Amino acid sequence: MVVKMSSPSSRPSLASDAPIGIFDSGIGGLTVAHAMAQAMPAERMLYFGDTAHMPYGDRSPELVRTYSVRIAEFLAAEGCKAIVIACNSASATAKEAVEASVGPGIPVIDVVAPVVKYLSAKGAERVGVMGTRATVGSGIYGRSLREAHAGAGRTGCRVEEWPTPLLAPLIEEGWQSHAIMLPVIEGYLQSAGWVKGQDRLIDALVLGCTHYPLAADAFREVLGDAVEIVDGPSIVASAVAAALLDEGLTAPPSQAEGKGLAAHRFMVSDLTETFVRSAQRFFGKEVPLVPGGPWFQH
């Protein structure tokens with residue numbers, strides 16, 4: 001398959017009515033896209049899921065950066081006014097590379113920094129993070145939150161990160177509400193040392209994978225009300241809205257009139273019936289996925 005690379009000179013000029021580019025290693029990032037569609041009804045989106053190369057969580061950091069840069073360049077060439085890295089693994093390893101590839105004129109928002117900012121503002125001190133091996137291996141949540149606390153003059157912040165590779169495949173199968181999810185989640189929480197009998201040894205839990213919010217009810221059933229399940233997609237959507245406002249790129253309100261899914265574009269690098277079914281779960285309604293992206297000839 002021939003790959004056509006983009007160049008800055010080929011990119012259309014940015015405008016407030018241009019789409020927001022969003023990408024993930026698969027379709028889990030549709031949880032972020034859904035939150036953005038609800039929070040910013042006037043905005044258009046171009047979503048790309050790299051389903052041919054998923055999961056990024058088991059890839060090397062170098063390969064994740066290579067994929068992420070190529071996708072970001074594709075989205076920029078399509079005229080996207082901002083890039084949202086709706087993947088924790090790519091956010092942890094590729095944000096700087098993506099920023100360098102698209103240049104300073106296009107804001108890049110990841111899914112880690114907004115959550116860290118939220119937790120720091122709350123003064124959270126005992127935080128657990130569940131995510132892919134790549135995200136947890138990077139240590140980005142713990143490092144970033146400790147730095148944020150230190151910058152605010154607070155000490156005693158404890159952040160523990162735990163890899164949970166079984167969760168995403170179960171959610172991909174649509175089993176987030178299946179009875180099997182409860183013992184798997186409880187087993188991970190106990191292995192991490194965050195649940196001991198009736199004791200809860202964390203105050204907040206970060207679902208460090210865009211798949212995991214679909215299983216939030218199962219997490220709440222296991223943890224109860226003593227632990228906050230951090231709503232990452234909504235926090236990220238608010239951060240995107242703020243970034244667009246800062247850059248003067250917010251879509252005109254009139255663009256929201258009569259707008260529906262048809263205003264957005266959803267691409268994947270490998271299209272299967274399984275992805276089509278899963279996309280509906282992630283976005284909350286049927287999503288018109290089409291094959292496309294940087295690995296297709298244009």
# chains A, B, ... in the order shown; residues from 1 in each chain; ligands from 1

call {"tool": "residues_around", "arguments": {"residues": "stretch 16-25 of chain A", "least_positions_apart": "4", "cutoff": "7 Å", "atoms": "only C-alpha atoms", "output": "list in words"}}
result
Gly29, Glu43, Arg44, Met45, Leu46, Tyr47, Phe48, Gly49, Asp50, Thr51, His53, Met54, Pro55, Tyr56, Leu75, Gly79, Cys80, Lys81, Ala82, Ile83, Val84, Ile85, Ala86, Cys87, Leu249, Thr250, Ala251 and Pro252 of chain A

call {"tool": "select_by_dssp", "arguments": {"residues": "stretch 220-249 of chain A", "states": "alpha helix (DSSP H)", "output": "list in words"}}
result
Arg220, Glu221, Val222, Leu223, Gly232, Pro233, Ser234, Ile235, Val236, Ala237, Ser238, Ala239, Val240, Ala241, Ala242, Ala243, Leu244, Leu245, Asp246 and Glu247 of chain A

call {"tool": "select_by_dssp", "arguments": {"residues": "stretch 149-178 of chain A", "states": "strand (DSSP E)", "output": "list in words"}}
result
Arg158, Val159, Glu160, Glu161, Trp162 and Pro163 of chain A

call {"tool": "atom_distance", "arguments": {"atom1": "atom CA of A:Phe74", "atom2": "atom CA of A:Ser101"}}
result
10.5 Å

call {"tool": "residues_around", "arguments": {"residues": "stretch 197-213 of chain A", "least_positions_apart": "4", "cutoff": "9 Å", "atoms": "only C-alpha atoms", "output": "count of residues only"}}
result
47

call {"tool": "closest_residue", "arguments": {"among": "A:Arg65, A:Glu161, A:Glu221, A:Leu271", "to": "A:Leu182", "atoms": "only C-alpha atoms"}}
result
A:Glu221

call {"tool": "atom_distance", "arguments": {"atom1": "atom CA of A:Ile140", "atom2": "atom CA of A:Asp246"}}
result
25.3 Å

call {"tool": "residues_around", "arguments": {"residues": "A:Ile185", "least_positions_apart": "3", "cutoff": "9 Å", "atoms": "only C-alpha atoms", "output": "number ranges by chain"}}
result
A: 164, 167, 180-182, 188-190, 218-219, 222

call {"tool": "decode", "arguments": {"residues": "stretch 22-44 of chain A", "atoms": "C-alpha atoms", "output": "CSV table (one decimal), in the first residue's frame"}}
result
chain,number,residue,atom,x,y,z
A,22,ILE,CA,-9.2,13.2,16.8
A,23,PHE,CA,-7.2,10.0,16.7
A,24,ASP,CA,-6.8,6.8,18.7
A,25,SER,CA,-5.2,3.4,18.2
A,26,GLY,CA,-8.7,2.1,17.6
A,27,ILE,CA,-12.3,3.1,18.4
A,28,GLY,CA,-12.0,3.6,22.1
A,29,GLY,CA,-11.3,7.3,21.5
A,30,LEU,CA,-14.9,7.6,20.4
A,31,THR,CA,-15.7,8.0,24.1
A,32,VAL,CA,-13.8,11.3,23.9
A,33,ALA,CA,-15.4,12.2,20.6
A,34,HIS,CA,-18.9,11.5,22.1
A,35,ALA,CA,-18.1,13.8,25.1
A,36,MET,CA,-16.9,16.5,22.7
A,37,ALA,CA,-20.0,16.3,20.5
A,38,GLN,CA,-22.2,16.8,23.6
A,39,ALA,CA,-20.1,19.6,25.0
A,40,MET,CA,-19.5,21.4,21.7
A,41,PRO,CA,-22.5,20.9,19.4
A,42,ALA,CA,-21.3,23.5,16.9
A,43,GLU,CA,-18.0,21.7,16.2
A,44,ARG,CA,-17.3,19.3,13.4
